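Shown next: model17.pdb, given as PDB, C-alpha atoms, pLDDT in the B column.
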ATOM      1  CA  MET B 254      24.795  -6.001-181.762  1.00 83.00           C
ATOM      2  CA  GLU B 255      28.565  -5.841-182.143  1.00 88.00           C
ATOM      3  CA  THR B 256      30.058  -2.688-183.664  1.00 92.00           C
ATOM      4  CA  TYR B 257      32.563  -2.733-186.514  1.00 95.00           C
ATOM      5  CA  PHE B 258      35.315  -1.782-184.084  1.00 95.00           C
ATOM      6  CA  GLU B 259      34.439  -4.612-181.687  1.00 94.00           C
ATOM      7  CA  THR B 260      34.352  -7.074-184.575  1.00 95.00           C
ATOM      8  CA  LEU B 261      37.748  -5.897-185.820  1.00 97.00           C
ATOM      9  CA  GLN B 262      39.174  -6.163-182.313  1.00 96.00           C
ATOM     10  CA  ALA B 263      37.883  -9.734-181.976  1.00 97.00           C
ATOM     11  CA  VAL B 264      39.353 -10.773-185.343  1.00 98.00           C
ATOM     12  CA  ALA B 265      42.668  -9.065-184.581  1.00 98.00           C
ATOM     13  CA  ASP B 266      42.866 -10.786-181.184  1.00 98.00           C
ATOM     14  CA  LYS B 267      42.069 -14.184-182.705  1.00 98.00           C
ATOM     15  CA  LEU B 268      44.737 -13.775-185.391  1.00 97.00           C
ATOM     16  CA  GLU B 269      47.212 -12.203-182.949  1.00 96.00           C
ATOM     17  CA  VAL B 270      47.505  -8.938-184.873  1.00 97.00           C
ATOM     18  CA  ASP B 271      47.801  -5.532-183.231  1.00 97.00           C
ATOM     19  CA  LEU B 272      44.706  -3.604-184.265  1.00 97.00           C
ATOM     20  CA  ARG B 273      46.435  -0.223-184.168  1.00 97.00           C
ATOM     21  CA  THR B 274      49.098  -1.571-186.523  1.00 97.00           C
ATOM     22  CA  ALA B 275      46.383  -2.853-188.850  1.00 97.00           C
ATOM     23  CA  PHE B 276      44.853   0.630-188.995  1.00 97.00           C
ATOM     24  CA  SER B 277      48.254   2.067-189.881  1.00 96.00           C
ATOM     25  CA  VAL B 278      48.995  -0.580-192.534  1.00 97.00           C
ATOM     26  CA  SER B 279      45.568  -0.079-194.096  1.00 97.00           C
ATOM     27  CA  GLY B 280      46.274   3.607-194.680  1.00 97.00           C
ATOM     28  CA  VAL B 281      43.489   4.702-192.342  1.00 95.00           C
ATOM     29  CA  PRO B 282      44.605   7.622-190.134  1.00 94.00           C
ATOM     30  CA  ILE B 283      45.525   6.550-186.611  1.00 94.00           C
ATOM     31  CA  SER B 284      43.146   9.221-185.323  1.00 94.00           C
ATOM     32  CA  THR B 285      40.329   7.084-186.743  1.00 94.00           C
ATOM     33  CA  PHE B 286      41.516   4.208-184.542  1.00 95.00           C
ATOM     34  CA  TYR B 287      41.278   6.352-181.422  1.00 94.00           C
ATOM     35  CA  ARG B 288      37.966   7.919-182.436  1.00 94.00           C
ATOM     36  CA  SER B 289      36.496   4.496-183.193  1.00 93.00           C
ATOM     37  CA  ALA B 290      37.748   3.106-179.904  1.00 91.00           C
ATOM     38  CA  GLN B 291      36.109   5.975-178.009  1.00 93.00           C
ATOM     39  CA  ARG B 292      32.828   6.297-179.882  1.00 90.00           C
ATOM     40  CA  ASN B 293      32.460   2.886-181.529  1.00 80.00           C
ATOM     41  CA  ASP B 294      31.542   4.429-184.853  1.00 82.00           C
ATOM     42  CA  MET B 295      33.143   3.586-188.155  1.00 92.00           C
ATOM     43  CA  ARG B 296      32.120   3.343-191.774  1.00 94.00           C
ATOM     44  CA  HIS B 297      31.774  -0.059-193.395  1.00 96.00           C
ATOM     45  CA  LYS B 298      34.364   0.872-196.040  1.00 97.00           C
ATOM     46  CA  THR B 299      36.887   1.774-193.334  1.00 97.00           C
ATOM     47  CA  ALA B 300      36.222  -1.437-191.433  1.00 97.00           C
ATOM     48  CA  MET B 301      36.797  -3.474-194.595  1.00 98.00           C
ATOM     49  CA  LYS B 302      40.144  -1.744-195.246  1.00 98.00           C
ATOM     50  CA  VAL B 303      41.285  -2.564-191.727  1.00 98.00           C
ATOM     51  CA  LEU B 304      39.984  -6.136-191.954  1.00 98.00           C
ATOM     52  CA  ASN B 305      41.978  -6.675-195.149  1.00 98.00           C
ATOM     53  CA  ALA B 306      45.078  -5.291-193.417  1.00 98.00           C
ATOM     54  CA  ILE B 307      44.554  -7.677-190.478  1.00 98.00           C
ATOM     55  CA  LYS B 308      44.336 -10.614-192.890  1.00 97.00           C
ATOM     56  CA  ASN B 309      47.426  -9.466-194.807  1.00 96.00           C
ATOM     57  CA  ILE B 310      49.478  -9.017-191.638  1.00 96.00           C
ATOM     58  CA  HIS B 311      48.415 -12.428-190.409  1.00 96.00           C
ATOM     59  CA  ALA B 312      49.234 -14.046-193.754  1.00 94.00           C
ATOM     60  CA  SER B 313      52.694 -12.461-193.810  1.00 91.00           C
ATOM     61  CA  LYS B 314      53.351 -13.690-190.266  1.00 87.00           C
ATOM     62  CA  GLU B 315      52.275 -17.191-191.282  1.00 83.00           C
ATOM     63  CA  SER B 316      54.500 -17.224-194.362  1.00 83.00           C
ATOM     64  CA  CYS B 317      57.516 -16.086-192.308  1.00 82.00           C
ATOM     65  CA  ALA B 318      56.852 -18.714-189.648  1.00 71.00           C
ATOM     66  CA  GLY B 319      56.425 -21.561-192.111  1.00 63.00           C
TER      67      GLY B 319
END
What does the file become when written as C-alpha cells?
Amino acid sequence: METYFETLQAVADKLEVDLRTAFSVSGVPISTFYRSAQRNDMRHKTAMKVLNAIKNIHASKESCAG
C-alpha cells in the first residue's frame, strides 16, 4: 500500500511540481516534509493540504504558459 507521502510524490512528479515547494506553499512546516520523507508518516489532513498546493501550483504554471 502506498503511503500519503509516496502518493504526493507521484502526483507532484506527474504534474512537474517540486514537492518541497508544495509543502511550503501549503503552509505545512518544511520539517514535516523531511520527517515524512524519512518515516513515511503523515496525517490525511496534511496530505490534503499539500495535494491542494500541488494542484494550485500546477494550475498557475498552466495559466502562465497558455
* Interatomic distance (Å, one decimal) between atom CA of B:Ala290 and atom CA of B:Asp271 ->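 So the answer is 13.7 Å.
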* **Neighbour list for B:Pro282 as a VMD selection string, cut-off 12 Å, only C-alpha atoms, skip fewer than 6 positions in-chain** => chain B and resid 273 to 276 288 to 289 299 302 to 303
Requested write-out: C-alpha atoms of the selected residues, as a PDB file, in the coordinates of the input:
ATOM      1  CA  ARG B 273      46.435  -0.223-184.168  1.00 97.00           C
ATOM      2  CA  THR B 274      49.098  -1.571-186.523  1.00 97.00           C
ATOM      3  CA  ALA B 275      46.383  -2.853-188.850  1.00 97.00           C
ATOM      4  CA  PHE B 276      44.853   0.630-188.995  1.00 97.00           C
ATOM      5  CA  ARG B 288      37.966   7.919-182.436  1.00 94.00           C
ATOM      6  CA  SER B 289      36.496   4.496-183.193  1.00 93.00           C
ATOM      7  CA  THR B 299      36.887   1.774-193.334  1.00 97.00           C
ATOM      8  CA  LYS B 302      40.144  -1.744-195.246  1.00 98.00           C
ATOM      9  CA  VAL B 303      41.285  -2.564-191.727  1.00 98.00           C
TER      10      VAL B 303
END
* **Which of B:Ile307, B:Gln262, B:Ala312, B:Thr256 sits closest to B:Ser277 [using only C-alpha atoms]** =>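 Using only C-alpha atoms, B:Ser277 sits closest to B:Ile307.
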* Asked: Interatomic distance between atom CA of B:Glu269 and atom CA of B:Thr285?
  -> 20.8 Å
* Distance of atom CA of B:Leu268 from atom CA of B:Met254, expressed in Å to one decimal place ->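 Interatomic distance, atom CA of B:Met254 to atom CA of B:Leu268: 21.7 Å.
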* Find the spatial neighbours of B:Arg296, counting all atoms listed in the file, within a cut-off of 10 Å - ignore same-chain residues fewer than 4 positions away - and output them as an NGL selection string. => :B and (257-258 or 289 or 300-301)
Can you report as AutoDock Vina command-line options the centre and edge lengths in Å, to one decimal, of an axis-aligned box around the listed atoms of stretch 279-291 of chain B padded with 8 Å on each side?
--center_x 41.2 --center_y 4.6 --center_z -186.3 --size_x 26.2 --size_y 25.3 --size_z 32.7
